[in-house]
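Peer 1: Sharing upload-v4.txt, compact mmCIF, C-alpha atoms:
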```
# COMPACT_ATOMS: atom_id res chain seq x y z
CA MET A 1 -1.59 -7.13 19.48
CA ARG A 2 -1.24 -4.10 21.68
CA ARG A 3 -2.99 -0.78 21.41
CA THR A 4 -2.45 2.38 23.41
CA LYS A 5 -3.44 5.99 23.21
CA SER A 6 -2.44 9.09 25.08
CA SER A 7 -3.35 12.71 25.62
CA LEU A 8 -2.86 15.46 23.08
CA VAL A 9 0.62 17.06 22.83
CA VAL A 10 2.28 15.26 25.77
CA ALA A 11 2.92 12.01 23.88
CA LEU A 12 1.74 9.99 20.95
CA ALA A 13 0.38 6.49 21.20
CA ALA A 14 1.88 4.00 18.77
CA VAL A 15 0.82 0.80 17.14
CA LEU A 16 2.92 -1.01 14.58
CA THR A 17 1.04 -4.12 13.56
CA LEU A 18 1.85 -6.35 10.60
CA MET A 19 -1.41 -7.94 9.49
CA LEU A 20 -1.01 -11.61 8.63
CA ALA A 21 -1.75 -12.78 5.12
CA ASP A 22 -3.27 -16.00 6.43
CA MET A 23 -5.74 -14.35 8.81
CA PRO A 24 -9.39 -15.12 7.93
CA SER A 25 -10.76 -12.59 5.47
CA VAL A 26 -14.12 -11.04 6.20
CA PHE A 27 -14.80 -10.53 2.51
CA ALA A 28 -14.90 -13.09 -0.27
CA ALA A 29 -13.18 -12.19 -3.52
CA GLY A 30 -12.84 -13.43 -7.07
CA SER A 31 -9.65 -14.78 -8.60
CA LEU A 32 -8.77 -11.57 -10.51
CA ILE A 33 -9.86 -8.09 -9.49
CA ILE A 34 -9.03 -4.47 -10.26
CA SER A 35 -6.98 -3.38 -7.26
CA GLU A 36 -5.91 0.20 -8.07
CA PHE A 37 -6.53 2.65 -10.92
CA ARG A 38 -6.73 6.23 -12.09
CA LEU A 39 -8.13 7.84 -15.25
CA ARG A 40 -5.78 10.86 -15.36
CA GLY A 41 -2.69 12.05 -13.53
CA ALA A 42 -0.07 14.75 -13.19
CA ALA A 43 0.81 14.32 -16.88
CA GLY A 44 -2.76 14.84 -18.04
CA ALA A 45 -5.74 12.85 -19.25
CA GLN A 46 -3.76 9.85 -20.50
CA ASP A 47 -1.59 9.51 -17.40
CA GLU A 48 -3.73 6.49 -16.53
CA PHE A 49 -3.29 3.01 -15.15
CA ILE A 50 -5.35 -0.06 -14.23
CA GLU A 51 -3.77 -2.58 -11.88
CA ILE A 52 -5.06 -6.18 -11.81
CA TYR A 53 -4.58 -8.37 -8.71
CA ASN A 54 -4.61 -12.15 -8.36
CA ASP A 55 -6.64 -12.51 -5.19
CA SER A 56 -5.77 -16.13 -4.57
CA GLY A 57 -3.01 -18.25 -3.10
CA VAL A 58 -2.06 -19.90 -6.40
CA PRO A 59 -0.66 -18.51 -9.68
CA HIS A 60 -3.23 -17.62 -12.36
CA THR A 61 -2.41 -18.62 -15.94
CA VAL A 62 -4.37 -16.59 -18.48
CA ALA A 63 -6.51 -18.80 -20.74
CA ALA A 64 -9.22 -16.79 -22.49
CA VAL A 65 -12.54 -18.41 -23.36
CA SER A 66 -12.25 -16.69 -26.75
CA GLY A 67 -9.73 -14.47 -28.47
CA THR A 68 -6.09 -14.17 -27.44
CA GLY A 69 -6.34 -13.13 -23.81
CA TYR A 70 -8.30 -11.28 -21.15
CA ALA A 71 -9.52 -7.77 -21.97
CA ILE A 72 -9.33 -4.65 -19.85
CA ALA A 73 -12.05 -2.54 -21.47
CA ALA A 74 -13.71 0.82 -20.87
CA SER A 75 -17.45 1.39 -20.93
CA ASP A 76 -17.32 2.38 -24.59
CA GLY A 77 -16.75 -1.34 -25.22
CA VAL A 78 -13.24 -0.79 -26.56
CA THR A 79 -10.42 -2.96 -25.24
CA ARG A 80 -7.55 -0.91 -23.82
CA CYS A 81 -5.21 -3.75 -22.82
CA THR A 82 -5.06 -7.48 -23.39
CA ILE A 83 -3.48 -9.79 -20.85
CA PRO A 84 -2.12 -12.38 -23.30
CA ASN A 85 -2.88 -16.08 -23.07
CA GLY A 86 -0.16 -17.88 -21.16
CA THR A 87 0.64 -14.91 -18.89
CA VAL A 88 1.19 -16.15 -15.35
CA ILE A 89 0.08 -13.72 -12.64
CA PRO A 90 1.68 -14.92 -9.38
CA ALA A 91 -0.35 -15.69 -6.29
CA ARG A 92 -1.09 -12.26 -4.75
CA GLY A 93 0.69 -10.74 -7.76
CA HIS A 94 -0.27 -7.97 -10.19
CA PHE A 95 -0.55 -7.03 -13.86
CA LEU A 96 -0.30 -3.36 -14.86
CA CYS A 97 -2.00 -1.67 -17.82
CA VAL A 98 -0.94 1.96 -18.46
CA GLY A 99 -1.94 4.93 -20.63
CA ALA A 100 0.06 6.74 -23.29
CA THR A 101 1.46 9.46 -20.97
CA TYR A 102 1.71 7.33 -17.82
CA SER A 103 4.29 9.05 -15.62
CA LEU A 104 5.12 6.68 -12.74
CA VAL A 105 8.33 4.68 -12.61
CA VAL A 106 6.84 1.19 -12.26
CA THR A 107 6.78 -0.14 -15.83
CA GLY A 108 3.46 -1.14 -17.34
CA ASN A 109 3.04 -4.69 -18.63
CA GLN A 110 0.87 -3.33 -21.46
CA THR A 111 0.29 0.20 -22.78
CA PHE A 112 -2.84 1.62 -24.43
CA ALA A 113 -3.19 4.64 -26.72
CA VAL A 114 -6.91 5.54 -26.45
CA ASP A 115 -7.86 7.70 -23.46
CA ILE A 116 -10.40 6.47 -20.92
CA PRO A 117 -12.70 9.41 -20.11
CA ASP A 118 -12.82 10.72 -16.56
CA ASN A 119 -15.32 8.87 -14.35
CA ALA A 120 -15.94 6.19 -17.01
CA GLY A 121 -16.32 2.56 -16.03
CA ILE A 122 -13.68 -0.11 -16.65
CA ALA A 123 -13.97 -3.89 -16.54
CA LEU A 124 -11.89 -7.05 -16.83
CA PHE A 125 -13.32 -9.84 -19.02
CA ASN A 126 -12.30 -13.45 -19.59
CA ASN A 127 -11.95 -12.82 -23.35
CA ASN A 128 -10.93 -10.03 -25.74
CA THR A 129 -13.44 -10.76 -28.48
CA GLY A 130 -15.63 -7.79 -27.57
CA GLY A 131 -19.24 -7.18 -28.54
CA GLY A 132 -21.64 -9.60 -26.89
CA SER A 133 -18.73 -11.47 -25.33
CA PHE A 134 -18.30 -8.55 -22.97
CA SER A 135 -21.09 -9.69 -20.67
CA LEU A 136 -21.76 -10.06 -16.97
CA ALA A 137 -21.26 -13.82 -17.26
CA ASN A 138 -17.78 -13.23 -18.72
CA ARG A 139 -16.74 -10.45 -16.37
CA PHE A 140 -14.14 -10.87 -13.66
CA ASP A 141 -14.51 -7.42 -12.12
CA ALA A 142 -15.56 -3.82 -12.79
CA VAL A 143 -15.26 -0.37 -11.27
CA GLY A 144 -16.95 2.86 -12.30
CA SER A 145 -18.27 6.12 -10.91
CA THR A 146 -21.78 7.14 -9.99
CA SER A 147 -21.98 8.95 -13.35
CA GLU A 148 -21.35 5.73 -15.32
CA ALA A 149 -24.68 4.64 -16.81
CA ASN A 150 -23.62 1.17 -17.99
CA THR A 151 -23.90 -1.14 -14.98
CA LEU A 152 -21.70 -3.76 -16.68
CA TYR A 153 -18.78 -1.42 -15.98
CA LYS A 154 -19.29 -0.80 -12.29
CA GLU A 155 -20.37 -2.61 -9.14
CA GLY A 156 -23.02 -1.17 -6.86
CA SER A 157 -23.79 2.50 -7.37
CA GLY A 158 -20.13 3.25 -8.15
CA TYR A 159 -17.48 5.41 -6.52
CA PRO A 160 -18.11 9.18 -6.16
CA ALA A 161 -17.51 11.00 -9.44
CA LEU A 162 -14.38 13.18 -9.44
CA THR A 163 -13.75 16.75 -10.47
CA PRO A 164 -10.85 16.26 -12.93
CA PHE A 165 -7.50 17.52 -11.64
CA ASP A 166 -4.06 16.76 -13.07
CA ILE A 167 -2.72 15.39 -9.79
CA ASN A 168 -1.02 12.22 -8.61
CA TYR A 169 -4.09 10.40 -7.37
CA ALA A 170 -5.38 6.84 -7.31
CA PHE A 171 -8.38 4.84 -6.21
CA VAL A 172 -7.10 1.92 -4.12
CA ARG A 173 -8.87 -1.04 -2.59
CA ASP A 174 -9.15 -1.05 1.17
CA GLU A 175 -6.64 -3.50 2.71
CA CYS A 176 -7.46 -2.70 6.34
CA GLY A 177 -11.26 -2.84 6.59
CA LYS A 178 -11.87 0.76 7.64
CA GLY A 179 -12.55 2.27 4.24
CA GLY A 180 -9.58 4.62 4.32
CA ALA A 181 -10.97 6.50 7.33
CA VAL A 182 -8.46 9.14 8.38
CA ASN A 183 -9.67 9.49 11.97
CA LEU A 184 -10.68 6.03 13.17
CA LEU A 185 -8.72 4.09 15.78
CA GLY A 186 -8.87 0.32 16.09
CA VAL A 187 -7.31 -2.72 14.47
CA CYS A 188 -7.43 -3.70 10.81
CA THR A 189 -9.84 -6.57 10.19
CA ILE A 190 -8.43 -7.59 6.78
CA SER A 191 -5.01 -7.50 5.12
CA THR A 192 -5.77 -8.17 1.45
CA PRO A 193 -7.85 -6.07 -0.98
CA LYS A 194 -11.50 -5.86 0.00
CA ASP A 195 -14.03 -7.08 -2.57
CA THR A 196 -17.72 -6.84 -1.64
CA ASP A 197 -18.94 -6.09 -5.19
CA ASN A 198 -19.63 -2.50 -4.14
CA ASN A 199 -17.15 0.00 -5.58
CA ALA A 200 -18.08 2.73 -3.09
CA ALA A 201 -17.31 0.46 -0.15
CA ASP A 202 -14.25 -1.26 -1.60
CA PHE A 203 -12.22 1.69 -2.97
CA PHE A 204 -11.03 4.97 -1.52
CA PHE A 205 -9.33 8.02 -3.03
CA VAL A 206 -5.75 9.12 -2.23
CA ASP A 207 -3.45 11.79 -3.63
CA THR A 208 -0.14 13.36 -2.73
CA ASN A 209 -1.66 16.75 -1.82
CA GLY A 210 -4.77 15.66 0.11
CA THR A 211 -6.96 17.24 -2.58
CA SER A 212 -10.73 17.55 -2.22
CA ALA A 213 -11.85 16.26 -5.64
CA GLY A 214 -15.25 14.86 -4.70
CA ALA A 215 -14.35 11.45 -3.27
CA GLY A 216 -13.08 12.35 0.19
CA GLN A 217 -9.74 13.76 1.30
CA ARG A 218 -6.78 11.73 2.52
CA LEU A 219 -3.08 12.12 2.02
CA GLY A 220 -1.61 9.17 0.15
CA ALA A 221 -0.06 8.06 -3.09
CA PRO A 222 -0.44 5.72 -6.03
CA GLY A 223 1.40 2.49 -5.24
CA VAL A 224 1.29 0.68 -8.56
CA GLN A 225 2.55 -2.88 -8.97
CA ASN A 226 3.33 -5.04 -12.01
CA LEU A 227 4.25 -8.66 -12.69
CA LEU A 228 7.71 -8.18 -11.16
CA SER A 229 6.67 -6.24 -8.07
CA PRO A 230 7.15 -7.65 -4.56
CA ILE A 231 4.29 -9.78 -3.25
CA GLN A 232 2.62 -9.49 0.13
CA ARG A 233 4.39 -11.85 2.50
CA ASP A 234 3.18 -10.88 5.98
CA SER A 235 3.12 -14.51 7.11
CA GLY A 236 6.71 -15.00 5.91
CA PHE A 237 8.18 -12.62 8.48
CA SER A 238 8.31 -12.43 12.25
CA THR A 239 8.02 -8.93 13.68
CA LEU A 240 9.83 -8.41 16.98
CA LEU A 241 10.67 -5.49 19.23
CA LEU A 242 14.17 -4.11 18.85
CA ASP A 243 14.57 -4.70 22.59
CA ALA A 244 12.09 -7.19 24.02
CA THR A 245 13.17 -6.33 27.57
CA MET A 246 11.41 -2.96 27.19
CA ALA A 247 7.79 -2.06 26.54
CA SER A 248 6.77 -1.40 22.94
CA SER A 249 6.01 2.21 23.93
CA ALA A 250 9.43 2.80 25.49
CA ALA A 251 12.86 3.53 24.04
CA PRO A 252 14.54 2.07 22.09
CA ASN A 253 11.39 0.53 20.56
CA ARG A 254 9.71 3.90 20.23
CA VAL A 255 11.38 7.29 20.44
CA ARG A 256 9.72 10.71 20.44
CA ASP A 257 11.87 13.62 19.25
CA PHE A 258 10.36 17.07 19.84
CA THR A 259 12.74 18.91 17.48
CA SER A 260 10.65 20.93 15.03
CA ASP A 261 11.49 20.32 11.36
CA PRO A 262 8.80 22.00 9.19
CA PRO A 263 10.61 21.54 5.82
CA ASN A 264 10.35 17.78 6.34
CA ASN A 265 6.70 17.74 7.43
CA SER A 266 7.65 17.43 11.10
CA THR A 267 6.45 20.67 12.69
CA PHE A 268 5.98 18.92 16.05
CA GLY A 269 8.99 16.67 15.74
CA THR A 270 9.12 12.98 14.86
CA LEU A 271 8.20 9.56 16.14
CA ALA A 272 10.56 6.64 15.47
CA ILE A 273 9.19 3.11 15.64
CA ARG A 274 11.81 0.35 15.62
CA ARG A 275 11.36 -3.34 14.96
CA ARG A 276 13.38 -6.40 14.01
CA PHE A 277 12.09 -8.42 11.06
CA VAL A 278 13.05 -12.09 10.64
CA ASN A 279 12.93 -13.65 7.17
CA ASN A 280 10.93 -16.87 7.50
CA THR A 281 10.10 -17.20 3.79
CA GLY A 282 12.63 -19.99 3.33
CA ALA A 283 14.50 -18.07 0.60
CA PRO A 284 16.78 -15.02 0.33
CA VAL A 285 14.87 -11.73 0.04
CA THR A 286 16.25 -9.14 -2.38
CA LEU A 287 13.62 -6.44 -1.83
CA LEU A 288 11.72 -5.79 1.40
CA ARG A 289 8.90 -3.25 1.21
CA PHE A 290 6.26 -1.99 3.64
CA ARG A 291 2.91 -0.69 2.36
CA ILE A 292 1.00 1.67 4.64
CA ILE A 293 -2.60 0.42 4.83
CA ASP A 294 -3.86 2.51 7.76
CA LEU A 295 -2.73 5.59 9.69
CA ASP A 296 -3.87 8.93 11.03
CA THR A 297 -2.83 11.66 8.62
CA PHE A 298 -4.15 14.75 6.81
CA PRO A 299 -6.85 15.96 7.28
CA ALA A 300 -6.71 15.06 10.97
CA ALA A 301 -9.53 15.96 13.33
CA SER A 302 -8.88 17.51 16.74
CA GLY A 303 -7.40 14.91 19.07
CA PHE A 304 -5.98 12.80 16.24
CA ALA A 305 -2.40 12.91 15.02
CA ASP A 306 -1.41 13.99 11.53
CA LEU A 307 1.50 11.69 10.69
CA ARG A 308 3.75 11.97 7.64
CA PRO A 309 5.96 8.92 7.04
CA ARG A 310 9.41 10.04 5.87
CA THR A 311 12.84 8.65 5.04
CA THR A 312 15.39 8.13 7.78
CA VAL A 313 18.59 9.84 6.61
CA GLY A 314 21.82 8.05 7.46
CA SER A 315 22.44 5.31 9.96
CA VAL A 316 20.84 4.89 13.36
CA VAL A 317 23.04 3.94 16.32
CA VAL A 318 21.22 2.61 19.37
CA GLY A 319 23.08 1.64 22.52
CA GLY A 320 22.05 -0.06 25.73
CA ILE A 321 20.19 -2.94 24.05
CA ASN A 322 19.46 -5.63 26.65
CA ASP A 323 17.82 -8.12 24.27
CA ALA A 324 20.22 -11.04 23.86
CA VAL A 325 18.61 -12.19 20.60
CA THR A 326 18.91 -8.74 19.01
CA CYS A 327 22.52 -8.49 20.15
CA ALA A 328 23.36 -11.91 18.70
CA ALA A 329 21.66 -11.06 15.40
CA THR A 330 24.02 -8.14 14.78
CA GLY A 331 26.50 -10.60 13.28
CA VAL A 332 29.08 -9.74 15.92
CA PRO A 333 29.06 -12.13 18.91
CA THR A 334 27.95 -9.89 21.73
CA THR A 335 26.20 -10.11 25.05
CA PRO A 336 23.85 -7.48 26.45
CA PRO A 337 24.06 -4.61 26.72
CA CYS A 338 25.10 -4.04 23.12
CA THR A 339 25.01 -1.32 20.48
CA VAL A 340 23.10 -1.79 17.23
CA THR A 341 23.70 0.22 14.06
CA PHE A 342 21.08 0.11 11.30
CA PHE A 343 19.27 2.19 8.71
CA GLY A 344 15.68 3.37 8.51
CA GLY A 345 12.98 2.80 5.93
CA VAL A 346 13.18 4.78 2.70
CA LEU A 347 9.95 6.44 1.55
CA ASN A 348 9.55 5.63 -2.12
CA SER A 349 9.30 8.69 -4.34
CA PHE A 350 7.22 7.28 -7.19
CA PRO A 351 5.49 9.68 -7.44
CA PRO A 352 7.16 12.51 -5.45
CA GLN A 353 5.48 13.02 -2.07
CA PRO A 354 6.31 16.58 -1.00
CA ASN A 355 3.88 16.39 1.92
CA GLY A 356 5.29 13.13 3.25
CA GLY A 357 3.81 9.68 2.96
CA GLY A 358 0.25 8.60 3.63
CA PHE A 359 -2.21 5.88 2.71
CA ASN A 360 -0.81 3.38 0.19
CA SER A 361 2.68 4.89 0.37
CA THR A 362 5.52 2.38 0.51
CA MET A 363 8.81 2.30 2.39
CA ASP A 364 11.76 0.08 1.47
CA ALA A 365 14.27 -1.52 3.78
CA PRO A 366 17.81 -0.58 2.66
CA LEU A 367 19.12 -4.09 2.00
CA GLY A 368 22.77 -3.90 1.08
CA SER A 369 22.67 -7.57 0.12
CA PRO A 370 19.96 -10.25 0.04
CA LEU A 371 18.42 -11.01 3.43
CA ALA A 372 19.14 -14.71 3.90
CA ALA A 373 16.51 -17.18 5.05
CA GLY A 374 16.41 -17.04 8.84
CA ALA A 375 18.30 -13.75 8.99
CA SER A 376 16.90 -10.58 10.50
CA ILE A 377 17.06 -6.86 9.87
CA ASP A 378 16.59 -4.00 12.32
CA LEU A 379 14.52 -1.19 10.86
CA GLN A 380 13.21 2.22 11.89
CA PHE A 381 9.98 3.79 10.65
CA LEU A 382 10.24 7.57 10.97
CA LEU A 383 6.99 9.56 11.14
CA GLY A 384 6.86 13.33 10.92
CA ILE A 385 4.24 14.92 13.16
CA GLN A 386 2.14 17.79 11.81
CA GLN A 387 -0.48 17.52 14.55
CA THR A 388 -0.28 15.65 17.84
CA GLY A 389 -2.89 13.25 19.16
CA SER A 390 -3.93 9.61 19.25
CA PHE A 391 -3.06 7.49 16.26
CA ARG A 392 -2.55 4.13 14.62
CA PHE A 393 -0.05 2.90 12.01
CA TYR A 394 -0.49 -0.34 10.09
CA VAL A 395 1.63 -1.78 7.29
CA ASN A 396 1.72 -4.87 5.10
CA ILE A 397 5.03 -6.58 4.28
CA GLU A 398 5.90 -7.10 0.61
CA ALA A 399 9.00 -8.95 -0.55
CA VAL A 400 10.89 -10.48 -3.46
CA PRO A 401 10.87 -13.43 -3.69
```
Could you express the structure from this file as structure tokens?
Peer 2:
Amino acid sequence: MRRTKSSLVVALAAVLTLMLADMPSVFAAGSLIISEFRLRGAAGAQDEFIEIYNDSGVPHTVAAVSGTGYAIAASDGVTRCTIPNGTVIPARGHFLCVGATYSLVVTGNQTFAVDIPDNAGIALFNNNTGGGSFSLANRFDAVGSTSEANTLYKEGSGYPALTPFDINYAFVRDECGKGGAVNLLGVCTISTPKDTDNNAADFFFVDTNGTSAGAGQRLGAPGVQNLLSPIQRDSGFSTLLLDATMASSAAPNRVRDFTSDPPNNSTFGTLAIRRRFVNNTGAPVTLLRFRIIDLDTFPAASGFADLRPRTTVGSVVVGGINDAVTCAATGVPTTPPCTVTFFGGVLNSFPPQPNGGGFNSTMDAPLGSPLAAGASIDLQFLLGIQQTGSFRFYVNIEAVP
């Protein structure tokens, strides 16, 4: 794992590190946890969602101790969603519960009609009987704000209470280990959702405008996932330089373009990071996604970069590749030097991200056909630069299957 940093303006340091799913986790976690949520959105008070995550390496089959499934309940004691008995949540997979005016494109697995008040607590229980069955002994997980009085529906003192705004925000669990810090260099120490039983330490706030709503500012986006969403598969892919005969900081592995492009959040140009990903999952991959778990972005302090991940438009043609393995992997028998043509990552627009990507944003590889087991894909990550300086950029790999 290589880290570099450089002086302001002249150049930008780059790190592209794919954290491994099988690396030792610093934090213990339960089998099911709340991984991401919001209690209002751009479509108003009922533009809500609660995402449940199976934080284990084996599928979880729902089998309630009473009633017909697990309950996702608010602190008024009323069940909003039931995860029905027999539902199988894949290892590292998700279940999504959404409100009546939910506006994101990822389909909810269950929908609820009764609004959850802003800053209220929510909890997941091993039954949907309600009443006294909603107890600490029967609780999987909970998250609530500092203004939530019922401690059954939060962990620790709670996350900072928000000023309600109709914006595309979310609270997401930290998957890096740095608490969503915008200006903090260094490696990620974890790669799966952090669970220390302290909401304030485990979750951080993101939104597509970098709004100051009371829980810290950072540019980012909701990144909701349901039962059919790709699953984190960091350990199922090898990550290689596009040209291993060159340093990771040198072209063609990293390219700095100084052309100003303000409409695309690239006032000081762009940085392109290029890698080759090898499918070692043992099965064809039909969707390959990269989730941004750590980067320097808005609001950046002096000396730190403000990076805005963006879509690469059109194909990328790179000549002079001296890496024999990359040349051979093009599908055309070649010997170095060779020319490689490929596409860049596509920034997902659910929801729209007019300021560019940020924390928890996702980028998809443009697979024209399934990526066969053992096959590789060359990919470019394009980052707009709104402020120059030292930085880091970490992603997790998610894939189907």
Peer 1: Tell me which protein, DNA and RNA residues are within 10 Å of Gly210 in chain A, counting all atoms listed in the file, leaving out same-chain ones fewer than 5 positions away, and put them as a VMD selection string.
Peer 2: chain A and resid 169 205 216 to 221 297 to 299 355 358
Peer 1: Of the candidates A:Glu155, A:Asn264, A:Phe125, A:Leu184, which one gets nearest to Pro354 in chain A if we count only C-alpha atoms?
Peer 2: A:Asn264
Peer 1: For Val340 in chain A, which of A:Pro366, A:Gly389, A:Gly121, A:Pro252 is the closest residue, counting only C-alpha atoms?
Peer 2: A:Pro252
Peer 1: Could you tell me how far CA of Leu371 in chain A lies from CA of Val278 in chain A, in Å and to one decimal?
Peer 2: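 Value for the CA of Leu371 in chain A-CA of Val278 in chain A distance: 9.1 Å.
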Peer 1: At a cut-off of 12 Å from (13.7, -17.8, -1.6) in the coordinates of the file, what residues are picked up using only C-alpha atoms, written as a list in words?
Peer 2: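 Within the cut-off we find Arg233, Gly236, Asn279, Asn280, Thr281, Gly282, Ala283, Pro284, Val285, Thr286, Leu287, Pro370, Leu371, Ala372, Ala373, Gly374, Ala399, Val400 and Pro401 of chain A.
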Peer 1: Would you fill the gaps in range 71-93 of chain A so it has N, CA and C atoms, then print it as an mmCIF file, in the frame of the given file?
Peer 2:
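out12.cif, written as the output of this step:
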```cif
data_model
loop_
_atom_site.group_PDB
_atom_site.id
_atom_site.type_symbol
_atom_site.label_atom_id
_atom_site.label_comp_id
_atom_site.auth_asym_id
_atom_site.auth_seq_id
_atom_site.Cartn_x
_atom_site.Cartn_y
_atom_site.Cartn_z
ATOM 1 N N ALA A 71 -9.431 -9.170 -21.590
ATOM 2 C CA ALA A 71 -9.520 -7.770 -21.970
ATOM 3 C C ALA A 71 -9.751 -6.873 -20.768
ATOM 4 N N ILE A 72 -9.021 -5.765 -20.737
ATOM 5 C CA ILE A 72 -9.330 -4.650 -19.850
ATOM 6 C C ILE A 72 -9.985 -3.606 -20.735
ATOM 7 N N ALA A 73 -11.276 -3.389 -20.564
ATOM 8 C CA ALA A 73 -12.050 -2.540 -21.470
ATOM 9 C C ALA A 73 -12.701 -1.401 -20.711
ATOM 10 N N ALA A 74 -12.951 -0.299 -21.421
ATOM 11 C CA ALA A 74 -13.710 0.820 -20.870
ATOM 12 C C ALA A 74 -15.173 0.673 -21.277
ATOM 13 N N SER A 75 -16.007 1.525 -20.713
ATOM 14 C CA SER A 75 -17.450 1.390 -20.930
ATOM 15 C C SER A 75 -17.904 1.750 -22.327
ATOM 16 N N ASP A 76 -16.990 2.214 -23.177
ATOM 17 C CA ASP A 76 -17.320 2.380 -24.590
ATOM 18 C C ASP A 76 -17.222 1.057 -25.346
ATOM 19 N N GLY A 77 -16.862 -0.019 -24.628
ATOM 20 C CA GLY A 77 -16.750 -1.340 -25.220
ATOM 21 C C GLY A 77 -15.451 -1.612 -25.917
ATOM 22 N N VAL A 78 -14.516 -0.653 -25.860
ATOM 23 C CA VAL A 78 -13.240 -0.790 -26.560
ATOM 24 C C VAL A 78 -12.177 -1.337 -25.606
ATOM 25 N N THR A 79 -11.500 -2.386 -26.023
ATOM 26 C CA THR A 79 -10.420 -2.960 -25.240
ATOM 27 C C THR A 79 -9.236 -1.992 -25.176
ATOM 28 N N ARG A 80 -8.745 -1.753 -23.974
ATOM 29 C CA ARG A 80 -7.550 -0.910 -23.820
ATOM 30 C C ARG A 80 -6.298 -1.764 -23.720
ATOM 31 N N CYS A 81 -6.353 -2.848 -22.964
ATOM 32 C CA CYS A 81 -5.210 -3.750 -22.820
ATOM 33 C C CYS A 81 -5.687 -5.188 -22.889
ATOM 34 N N THR A 82 -4.851 -6.035 -23.429
ATOM 35 C CA THR A 82 -5.060 -7.480 -23.390
ATOM 36 C C THR A 82 -4.001 -8.107 -22.514
ATOM 37 N N ILE A 83 -4.413 -8.970 -21.610
ATOM 38 C CA ILE A 83 -3.480 -9.790 -20.850
ATOM 39 C C ILE A 83 -3.342 -11.079 -21.639
ATOM 40 N N PRO A 84 -2.217 -11.293 -22.322
ATOM 41 C CA PRO A 84 -2.120 -12.380 -23.300
ATOM 42 C C PRO A 84 -2.263 -13.769 -22.685
ATOM 43 N N ASN A 85 -2.832 -14.675 -23.477
ATOM 44 C CA ASN A 85 -2.880 -16.080 -23.070
ATOM 45 C C ASN A 85 -1.485 -16.557 -22.689
ATOM 46 N N GLY A 86 -1.425 -17.348 -21.639
ATOM 47 C CA GLY A 86 -0.160 -17.880 -21.160
ATOM 48 C C GLY A 86 0.520 -17.022 -20.113
ATOM 49 N N THR A 87 0.068 -15.765 -19.940
ATOM 50 C CA THR A 87 0.640 -14.910 -18.890
ATOM 51 C C THR A 87 0.354 -15.526 -17.530
ATOM 52 N N VAL A 88 1.364 -15.610 -16.704
ATOM 53 C CA VAL A 88 1.190 -16.150 -15.350
ATOM 54 C C VAL A 88 1.253 -14.985 -14.359
ATOM 55 N N ILE A 89 0.138 -14.736 -13.687
ATOM 56 C CA ILE A 89 0.080 -13.720 -12.640
ATOM 57 C C ILE A 89 0.298 -14.449 -11.314
ATOM 58 N N PRO A 90 1.375 -14.163 -10.600
ATOM 59 C CA PRO A 90 1.680 -14.920 -9.380
ATOM 60 C C PRO A 90 0.569 -14.820 -8.336
ATOM 61 N N ALA A 91 0.550 -15.772 -7.435
ATOM 62 C CA ALA A 91 -0.350 -15.690 -6.290
ATOM 63 C C ALA A 91 -0.107 -14.366 -5.576
ATOM 64 N N ARG A 92 -1.167 -13.590 -5.364
ATOM 65 C CA ARG A 92 -1.090 -12.260 -4.750
ATOM 66 C C ARG A 92 -0.282 -11.281 -5.601
ATOM 67 N N GLY A 93 -0.077 -11.605 -6.882
ATOM 68 C CA GLY A 93 0.690 -10.740 -7.760
ATOM 69 C C GLY A 93 -0.191 -9.839 -8.606
#
```
